[in-house]
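A.B. asks: Compact mmCIF, C-alpha atoms, saved as target-v7.txt, coming up:
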```
# COMPACT_ATOMS: atom_id res chain seq x y z
CA MET F 1 -0.16 20.84 -17.21
CA ILE F 2 -0.37 17.29 -15.86
CA ALA F 3 2.66 14.96 -15.68
CA ILE F 4 2.63 11.19 -16.21
CA LEU F 5 5.56 9.11 -14.98
CA SER F 6 5.60 5.51 -16.19
CA SER F 7 7.90 2.51 -16.48
CA PRO F 8 7.34 -0.09 -19.24
CA GLU F 9 9.17 -2.62 -17.05
CA SER F 10 6.26 -2.48 -14.60
CA PHE F 11 4.03 -4.41 -16.99
CA GLN F 12 4.41 -8.07 -17.84
CA ASN F 13 1.69 -7.56 -20.43
CA LYS F 14 3.45 -5.23 -22.88
CA SER F 15 0.19 -4.35 -24.63
CA GLU F 16 -0.87 -2.49 -21.47
CA MET F 17 1.91 0.06 -22.01
CA ASP F 18 0.81 0.52 -25.62
CA LYS F 19 -2.74 1.24 -24.42
CA ILE F 20 -1.40 3.82 -21.95
CA ARG F 21 0.56 5.56 -24.72
CA ASN F 22 -2.49 5.59 -27.00
CA ILE F 23 -4.71 7.15 -24.34
CA ILE F 24 -2.14 9.89 -23.71
CA LYS F 25 -1.87 10.56 -27.45
CA GLN F 26 -5.65 10.81 -27.81
CA GLU F 27 -5.97 13.33 -24.98
CA GLY F 28 -3.65 15.77 -26.77
CA SER F 29 -2.28 18.93 -25.13
CA GLY F 30 -1.65 19.73 -21.48
CA ILE F 31 0.19 16.44 -20.76
CA ILE F 32 3.87 15.67 -20.33
CA HIS F 33 4.76 11.97 -20.33
CA TYR F 34 8.10 10.58 -19.21
CA GLU F 35 8.94 6.86 -19.49
CA VAL F 36 11.81 5.87 -17.21
CA LYS F 37 14.13 3.08 -18.35
CA ASN F 38 15.80 2.85 -14.93
CA PHE F 39 15.27 4.58 -11.63
CA MET F 40 18.17 6.95 -12.26
CA ASP F 41 15.84 8.65 -14.76
CA ILE F 42 13.35 9.68 -12.09
CA GLY F 43 15.37 12.73 -11.06
CA GLU F 44 15.52 14.01 -14.64
CA ALA F 45 11.79 13.38 -15.07
CA LEU F 46 10.86 15.32 -11.93
CA ALA F 47 13.21 18.18 -12.88
CA ARG F 48 11.43 18.44 -16.23
CA PHE F 49 8.05 18.38 -14.51
CA GLU F 50 9.16 21.24 -12.26
CA GLN F 51 10.26 23.29 -15.29
CA CYS F 52 6.85 22.76 -16.88
CA ASN F 53 5.11 23.89 -13.66
CA VAL F 54 2.88 20.82 -13.51
CA THR F 55 -0.14 20.81 -11.23
CA ALA F 56 -0.36 17.03 -10.71
CA ILE F 57 1.71 13.87 -11.22
CA VAL F 58 0.33 10.47 -12.16
CA ILE F 59 2.62 7.53 -11.36
CA VAL F 60 1.78 4.55 -13.58
CA GLY F 61 3.74 1.46 -12.62
CA GLY F 62 4.66 -0.95 -9.86
CA GLN F 63 5.52 -0.40 -6.23
CA ALA F 64 9.23 -0.06 -7.02
CA LEU F 65 8.55 2.97 -9.25
CA SER F 66 6.28 4.69 -6.73
CA SER F 67 8.66 4.00 -3.83
CA ALA F 68 11.64 5.42 -5.73
CA THR F 69 9.59 8.49 -6.70
CA PHE F 70 8.47 9.03 -3.10
CA GLU F 71 12.10 8.77 -1.95
CA TYR F 72 13.24 11.35 -4.49
CA LEU F 73 10.43 13.76 -3.57
CA ILE F 74 11.29 13.53 0.15
CA ASP F 75 15.09 13.50 -0.05
CA LYS F 76 15.70 15.85 -3.01
CA LYS F 77 12.60 18.10 -2.93
CA PRO F 78 12.65 18.93 -6.67
CA PHE F 79 9.59 21.18 -6.27
CA GLY F 80 10.95 23.09 -3.29
CA SER F 81 8.28 23.84 -0.73
CA ARG F 82 5.46 22.98 -3.13
CA GLN F 83 3.59 19.71 -2.71
CA ILE F 84 2.35 18.44 -6.06
CA PRO F 85 -0.71 16.17 -5.75
CA ILE F 86 0.02 12.59 -6.81
CA ALA F 87 -2.20 9.88 -8.27
CA VAL F 88 -0.86 6.32 -8.03
CA LEU F 89 -1.87 3.72 -10.62
CA SER F 90 -0.34 0.33 -9.92
CA GLY F 91 1.13 -2.18 -12.35
CA ASP F 92 -0.24 -5.50 -13.57
CA GLU F 93 -0.76 -7.26 -10.23
CA ASP F 94 -0.06 -4.91 -7.33
CA ARG F 95 -3.35 -3.01 -7.48
CA PHE F 96 -3.52 -2.57 -3.73
CA ILE F 97 -2.52 1.09 -3.44
CA SER F 98 -4.37 2.40 -6.50
CA GLN F 99 -7.55 0.82 -5.12
CA SER F 100 -6.85 2.42 -1.75
CA PHE F 101 -7.22 5.82 -3.42
CA GLY F 102 -10.39 4.92 -5.29
CA ALA F 103 -9.26 3.31 -8.55
CA THR F 104 -12.05 1.02 -9.70
CA ALA F 105 -11.01 -0.26 -13.14
CA ASN F 106 -9.47 -3.66 -13.85
CA HIS F 107 -6.51 -2.20 -15.78
CA PRO F 108 -4.27 0.87 -15.30
CA HIS F 109 -5.02 2.31 -18.75
CA GLN F 110 -8.73 2.47 -17.85
CA ASP F 111 -7.97 4.35 -14.64
CA LEU F 112 -5.65 6.68 -16.56
CA HIS F 113 -8.44 7.44 -19.02
CA ASN F 114 -10.69 8.43 -16.08
CA ILE F 115 -7.95 10.63 -14.60
CA LEU F 116 -7.31 12.49 -17.85
CA ARG F 117 -11.04 12.99 -18.35
CA LYS F 118 -11.27 14.55 -14.86
CA HIS F 119 -8.22 16.68 -15.65
CA SER F 120 -9.78 18.01 -18.86
CA THR F 121 -12.91 19.07 -16.96
CA GLY F 122 -10.98 20.62 -14.06
CA ARG F 123 -12.21 18.09 -11.48
CA LEU F 124 -9.04 16.07 -10.89
CA LEU F 125 -8.01 17.92 -7.73
CA ASP F 126 -11.47 18.07 -6.17
CA HIS F 127 -10.54 15.41 -3.63
CA VAL F 128 -7.00 15.31 -2.23
CA VAL F 129 -5.66 14.02 1.08
CA LYS F 130 -2.36 14.52 2.91
CA THR F 131 -0.92 11.21 4.07
CA PRO F 132 2.38 10.42 5.83
CA LEU F 133 4.60 7.89 4.10
CA ILE F 134 6.07 4.85 5.79
CA LYS F 135 9.85 4.51 5.72
CA ILE F 136 11.08 0.89 5.94
CA GLU F 137 14.81 0.33 6.55
CA GLY F 138 16.58 -3.03 6.44
CA VAL F 139 15.13 -4.42 3.20
CA MET F 140 17.10 -7.10 1.33
CA HIS F 141 18.82 -5.75 -1.84
CA VAL F 142 17.11 -2.36 -1.42
CA GLY F 143 18.12 -0.88 1.90
CA LYS F 144 15.08 1.34 2.40
CA LEU F 145 11.62 1.64 0.92
CA TYR F 146 8.91 4.27 1.08
CA GLY F 147 5.29 3.20 0.94
CA LEU F 148 1.88 3.46 2.54
CA TYR F 149 1.20 -0.04 3.81
CA PHE F 150 3.25 -2.75 5.57
CA CYS F 151 2.11 -6.21 6.59
CA THR F 152 3.72 -9.43 7.79
CA GLY F 153 2.75 -12.55 9.73
CA GLU F 154 0.91 -15.71 8.71
CA ILE F 155 -1.56 -13.73 6.63
CA ILE F 156 0.93 -12.88 3.88
CA SER F 157 0.90 -16.50 2.69
CA ARG F 158 -2.51 -15.61 1.20
CA LYS F 159 -1.03 -13.58 -1.64
CA SER F 160 -4.36 -13.02 -3.39
CA LEU F 161 -5.36 -10.64 -0.59
CA PHE F 162 -2.76 -8.15 -1.77
CA GLN F 163 -2.93 -8.73 -5.53
CA ARG F 164 -6.59 -9.16 -6.36
CA THR F 165 -8.91 -6.63 -7.92
CA LEU F 166 -11.58 -5.75 -5.37
CA HIS F 167 -15.18 -4.97 -6.15
CA ARG F 168 -15.90 -1.63 -4.51
CA SER F 169 -19.60 -1.99 -3.71
CA GLY F 170 -22.76 -3.98 -4.26
CA ILE F 171 -23.58 -7.66 -3.99
CA ARG F 172 -20.37 -8.75 -5.76
CA GLN F 173 -18.27 -7.01 -3.11
CA PHE F 174 -20.31 -8.58 -0.30
CA ILE F 175 -20.02 -12.09 -1.72
CA GLN F 176 -16.32 -11.71 -2.54
CA ASN F 177 -15.44 -10.35 0.88
CA TYR F 178 -17.54 -12.90 2.77
CA MET F 179 -16.09 -15.90 0.94
CA THR F 180 -12.52 -14.55 1.18
CA ILE F 181 -12.78 -13.87 4.92
CA ILE F 182 -14.33 -17.26 5.71
CA SER F 183 -11.66 -19.08 3.69
CA LEU F 184 -8.88 -17.00 5.23
CA LEU F 185 -10.04 -17.58 8.80
CA TYR F 186 -10.68 -21.30 8.32
CA LYS F 187 -7.15 -21.88 7.02
CA ALA F 188 -5.67 -19.70 9.78
CA TYR F 189 -7.72 -21.46 12.49
CA ILE F 190 -6.63 -24.90 11.29
CA GLY F 191 -3.05 -23.66 11.00
CA THR F 192 -2.89 -22.85 14.71
CA ARG F 193 -2.83 -26.61 15.38
CA GLY F 194 0.34 -27.15 13.36
CA LEU F 195 3.91 -27.50 14.50
CA ARG F 196 5.66 -24.29 15.52
CA ASP F 197 9.31 -23.36 15.39
CA MET F 198 11.41 -20.35 16.26
CA ASP F 199 11.27 -19.03 12.68
CA ASP F 200 7.62 -18.13 13.30
CA MET F 201 8.49 -15.67 16.06
CA ILE F 202 8.32 -11.91 15.56
CA ARG F 203 9.85 -9.40 17.95
CA ILE F 204 8.07 -6.03 18.11
CA ASN F 205 9.25 -2.85 19.75
CA ARG F 206 6.78 0.05 19.46
CA ASN F 207 7.84 3.66 20.13
CA GLN F 208 10.93 2.46 22.05
CA ARG F 209 8.78 0.66 24.60
CA GLY F 210 9.71 -2.80 25.89
CA ALA F 211 9.88 -5.46 23.18
CA VAL F 212 7.36 -8.30 22.94
CA VAL F 213 7.99 -11.59 21.16
CA GLY F 214 5.26 -13.85 19.82
CA ARG F 215 3.65 -15.65 16.91
CA TYR F 216 1.36 -13.42 14.90
CA PHE F 217 -1.41 -13.95 12.43
CA MET F 218 -0.91 -10.36 11.29
CA VAL F 219 1.31 -7.35 12.07
CA LEU F 220 0.34 -4.27 10.13
CA LEU F 221 1.46 -0.63 9.93
CA SER F 222 -0.36 1.70 7.59
CA SER F 223 -0.90 5.32 6.61
CA LEU F 224 -4.20 4.27 5.03
CA ASP F 225 -7.53 4.21 6.81
CA TRP F 226 -8.30 0.60 5.86
CA ILE F 227 -6.65 -2.80 6.24
CA PHE F 228 -7.86 -4.85 3.27
CA LEU F 229 -11.21 -6.03 1.93
CA GLY F 230 -12.52 -2.60 2.93
CA THR F 231 -12.09 -3.14 6.71
CA LYS F 232 -11.64 0.27 8.33
CA PHE F 233 -9.34 1.41 11.10
CA PRO F 234 -10.71 3.65 13.85
CA VAL F 235 -10.36 7.33 12.95
CA LYS F 236 -6.82 8.50 13.74
CA LYS F 237 -6.34 11.10 16.47
CA ASN F 238 -2.98 12.32 15.09
CA ALA F 239 -2.45 13.05 11.42
CA ASP F 240 1.30 12.33 11.45
CA THR F 241 1.18 8.87 13.05
CA LEU F 242 0.79 5.38 11.61
CA ASN F 243 -1.97 2.91 12.29
CA PHE F 244 -0.64 -0.21 14.04
CA LEU F 245 -2.45 -3.54 14.37
CA SER F 246 -1.13 -6.87 15.62
CA VAL F 247 -3.15 -10.07 15.93
CA GLU F 248 -1.69 -13.06 17.72
CA ASN F 249 -1.78 -16.43 15.98
CA THR F 250 -4.30 -17.98 18.38
CA LYS F 251 -7.79 -19.32 17.79
CA ASP F 252 -9.56 -16.65 19.87
CA ALA F 253 -7.65 -13.76 18.29
CA ILE F 254 -8.29 -15.04 14.76
CA ILE F 255 -12.02 -15.49 15.41
CA ASN F 256 -12.29 -11.98 16.85
CA THR F 257 -10.44 -10.60 13.81
CA GLY F 258 -12.89 -12.41 11.54
CA LYS F 259 -15.83 -10.79 13.29
CA ARG F 260 -14.33 -7.33 12.81
CA MET F 261 -13.54 -8.02 9.16
CA LEU F 262 -17.10 -9.24 8.49
CA LYS F 263 -18.43 -6.05 10.13
CA GLY F 264 -16.07 -3.98 7.99
CA ASN F 265 -14.30 -2.06 10.74
CA TYR F 266 -12.11 -2.32 13.81
CA SER F 267 -13.25 -0.45 16.89
CA GLU F 268 -11.04 0.98 19.61
CA HIS F 269 -12.43 -1.66 21.98
CA MET F 270 -9.59 -3.92 23.10
CA LEU F 271 -9.75 -7.56 22.05
CA PRO F 272 -7.81 -10.52 23.46
CA GLY F 273 -4.65 -11.10 21.46
CA HIS F 274 -4.94 -7.75 19.66
CA VAL F 275 -3.08 -4.46 19.84
CA ILE F 276 -4.53 -1.58 17.83
CA THR F 277 -3.04 1.88 18.29
CA GLU F 278 -1.21 4.77 16.63
CA ILE F 279 2.59 4.88 16.60
CA GLU F 280 5.46 6.95 15.24
CA HIS F 281 7.92 4.12 14.69
CA ALA F 282 8.52 0.42 15.37
CA ARG F 283 11.39 -2.05 15.24
CA LEU F 284 10.59 -5.57 14.07
CA VAL F 285 12.84 -8.63 14.04
CA PHE F 286 11.70 -11.72 12.11
CA ASN F 287 12.61 -14.13 9.31
CA LYS F 288 9.40 -14.05 7.29
CA GLN F 289 8.63 -12.16 4.11
CA PHE F 290 6.64 -8.95 4.31
CA VAL F 291 4.41 -6.89 2.05
CA VAL F 292 4.79 -3.22 1.17
CA ASP F 293 1.99 -1.70 -0.93
CA GLY F 294 1.03 -5.11 -2.31
CA CYS F 295 4.56 -6.31 -3.23
CA PHE F 296 6.62 -8.94 -1.40
CA TYR F 297 10.07 -8.31 0.08
CA GLU F 298 12.53 -9.91 2.52
CA THR F 299 14.56 -8.57 5.41
CA ASP F 300 18.33 -8.32 5.09
CA LEU F 301 20.60 -10.79 6.91
CA SER F 302 20.04 -9.18 10.30
CA GLY F 303 16.30 -9.80 10.06
CA GLU F 304 15.64 -6.38 11.56
CA LEU F 305 13.36 -3.70 10.14
CA LEU F 306 13.01 -0.12 11.36
CA ILE F 307 9.66 1.31 10.30
CA SER F 308 8.83 4.96 10.89
CA ALA F 309 6.44 7.70 9.84
CA ALA F 310 8.07 9.94 7.22
CA GLU F 311 6.97 13.22 5.67
CA ASP F 312 3.51 13.44 4.24
CA LEU F 313 2.62 13.80 0.57
CA THR F 314 -0.59 14.95 -1.07
CA PHE F 315 -2.49 12.19 -2.87
CA ILE F 316 -5.42 12.41 -5.27
CA ARG F 317 -8.52 10.43 -4.44
CA LEU F 318 -10.19 9.09 -7.57
CA ASP F 319 -13.59 8.20 -6.11
```
Once more with this new file: its structure as C-alpha cells, please.
C.D. replies:
Amino acid sequence: MIAILSSPESFQNKSEMDKIRNIIKQEGSGIIHYEVKNFMDIGEALARFEQCNVTAIVIVGGQALSSATFEYLIDKKPFGSRQIPIAVLSGDEDRFISQSFGATANHPHQDLHNILRKHSTGRLLDHVVKTPLIKIEGVMHVGKLYGLYFCTGEIISRKSLFQRTLHRSGIRQFIQNYMTIISLLYKAYIGTRGLRDMDDMIRINRNQRGAVVGRYFMVLLSSLDWIFLGTKFPVKKNADTLNFLSVENTKDAIINTGKRMLKGNYSEHMLPGHVITEIEHARLVFNKQFVVDGCFYETDLSGELLISAAEDLTFIRLD
C-alpha cells in the first residue's frame, strides 16, 4: 500500500490537482489518497496511513505541506519506531526539493505518474537515503519550520534560482547553468559597488563559537549534497550534520564562487571570503528574507533565527 498526501491549496493552477486525481484513479488498487483542507488534517491522514500499514508516502504540494508533515512525523511519531520512506513532489513553483531527489518532469502529476509506475513494478524503494532535517526557529507567523535547505544573503533576490525547472543533463543543462551563473555573478559583482547600510549585515554564530558580522552574498545551510544549479558540496564526514557555506559580498569572493559553480562543485580548499564546513547548529541575526526549500519567509521581530540539525527521515530518490 502506498499513501499520497496532497493539498489542493498548493496549486494555483487548479487543473493540476484534477490531473493528479485522474492519475491516482487510473492506477487503481494499492493506493490511499488523502487531500488535506488544512494542516490540522495531517494528523488524521497519517493515522489512517499507519492503520493501512503503508510502505511509502508521497507528499504532493508546497513547502508548507511538507514542512508540517515533517514536523508531525518528528514530534508525534505516528508510525512509532518505523521510518516510512517519503517522496516529495513540490507544488506549482517551488520545485527545488523535488528536483533535489531526482524529479525530472515539468509538472507534479507527471512525476506522480512515474512514482506510481515504479510502485506497481516494485522498484520505488530501490534508492532511498536517510537525511537529517533542518529545524528553523524564529520564523514570522510560523514560529518554526522543518526543511532540507536554507539560504539567505544577496543571492535570494534572484528568485528564479529557487523556482525554476532545471534541466538535469545534456547541452540544455550546460547552456542554462552557464548563462544563469554568468548573469548572477555579473549582477552581484556590480552590486558590490553600491551603497551599503546596516540592514545588509548578517550576524552568524556557528556551533556556539564567537559570532562574526558581515555582508554576505550567500549564507547557506543544507542537508542536501548540492547547492543549486547542480553544484556539489564536498562529501560530508558526519551523517548527522548540516552543510554550511558562507560567501562574503566582495568581488574576490564572488568571482571565486563563480569558478566553483562553473566547475560544478566546491572543494574543501579554503577560499578568501568563504567558509565551508559541517555544523550542528547556527544562530543568525539579520533583517533580510530567507529561503527554505524554495519558498520565501521572513524573520520575526527579533530578527533572530536558530537553525539546527533535527532527526533524520528516509527519502526516496527518483533518479
A.B. asks: For region 4-19 of chain F, list every protein, DNA or RNA residue within 9 Å, evaluated using only C-alpha atoms, and leave out those in the same chain fewer than 4 positions away; present the list as a ChimeraX atom specification.
C.D. replies: /F:23-24,31-38,42,45-46,56-65,90-93,107-110
A.B. asks: Measure the distance from CA of Leu224 (chain F) to CA of Val285 (chain F) in Å and round it to one decimal.
C.D. replies: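 Computing the Euclidean distance for CA of Leu224 (chain F) and CA of Val285 (chain F) yields 23.2 Å.
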A.B. asks: Suppose you want the space between CA of His113 (chain F) and CA of Gly230 (chain F); what is it in Å?
C.D. replies: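 Result for CA of His113 (chain F) versus CA of Gly230 (chain F): 24.5 Å, one decimal.
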A.B. asks: Centre and edge lengths of an axis-aligned box around all listed atoms of region 36-53 of chain F, with 6 Å added on each side, are to be given in Å to one decimal, as lines of an AutoDock Vina configuration file.
C.D. replies:
```
center_x = 11.6
center_y = 13.4
center_z = -14.7
size_x = 25.1
size_y = 33.0
size_z = 19.3
```
A.B. asks: Choose the residue, out of F:Lys25, F:Lys135, F:Arg95, F:Lys144, that has the smallest atom-to-atom separation from Glu298 (chain F); count only C-alpha atoms.
C.D. replies: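 Closest candidate: F:Lys144.
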A.B. asks: Would you kindly return, as a PDB file with C-alpha atoms, keeping the file's coordinate frame, each protein, DNA or RNA residue with an atom no farther than 8 Å from any atom of region 275-277 of chain F, considering all atoms listed in the file and excluding same-chain residues fewer than 4 positions away?
C.D. replies:
```
ATOM      1  CA  ASN F 243      -1.970   2.910  12.290  1.00  0.00           C
ATOM      2  CA  PHE F 244      -0.640  -0.210  14.040  1.00  0.00           C
ATOM      3  CA  LEU F 245      -2.450  -3.540  14.370  1.00  0.00           C
ATOM      4  CA  SER F 246      -1.130  -6.870  15.620  1.00  0.00           C
ATOM      5  CA  VAL F 247      -3.150 -10.070  15.930  1.00  0.00           C
ATOM      6  CA  GLU F 268     -11.040   0.980  19.610  1.00  0.00           C
ATOM      7  CA  MET F 270      -9.590  -3.920  23.100  1.00  0.00           C
ATOM      8  CA  LEU F 271      -9.750  -7.560  22.050  1.00  0.00           C
TER       9      LEU F 271
END
```
A.B. asks: CA of Arg209 (chain F) and CA of Trp226 (chain F), how far apart in Å?
C.D. replies: 25.4 Å
A.B. asks: Of the residues F:Ile190, F:Leu229, F:Ile307, F:Val235, which is the one nearest to Ser267 (chain F), using all atoms listed in the file?
C.D. replies: F:Val235
A.B. asks: Using all atoms listed in the file, which of F:Ser222, F:Gln26, F:Asn249, F:Asn287 sits nearest His274 (chain F)?
C.D. replies: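 Using all atoms listed in the file, the shortest distance to His274 (chain F) belongs to F:Asn249.
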A.B. asks: Could you list, with a cut-off of 6 Å and counting all atoms listed in the file, the residues of region 194-274 of chain F near region 150-163 of chain F, each shown with its nearest atom pair and the distance in Å rounded to one decimal, rows sorted by chain and ascending number, as CSV?
C.D. replies:
```
residue,atom,partner,partner_atom,distance
F:Tyr216,CA,F:Gly153,CA,5.4
F:Phe217,CA,F:Glu154,CA,4.7
F:Met218,CA,F:Gly153,CA,4.5
F:Val219,CA,F:Thr152,CA,5.3
F:Leu220,CA,F:Cys151,CA,4.4
F:Leu221,CA,F:Phe150,CA,5.2
```
A.B. asks: Which of these residues is nearest to Ile255 (chain F), using all atoms listed in the file: F:Pro85, F:Gly303, F:Gly214, F:Pro272?
C.D. replies: F:Pro272
A.B. asks: Measuring atom to atom with only C-alpha atoms, identify which of F:Ser98, F:Asn265, F:Thr299, F:Thr55 is nearest to Gly122 (chain F).
C.D. replies: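 Smallest distance to Gly122 (chain F) is found for F:Thr55.
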A.B. asks: List as a PyMOL selection string: which residues have an atom within 10 Å of (-10.5, -12.8, 13.2), counting all atoms listed in the file?
C.D. replies: chain F and resi 181-182+184-186+188-189+217+247-262+274
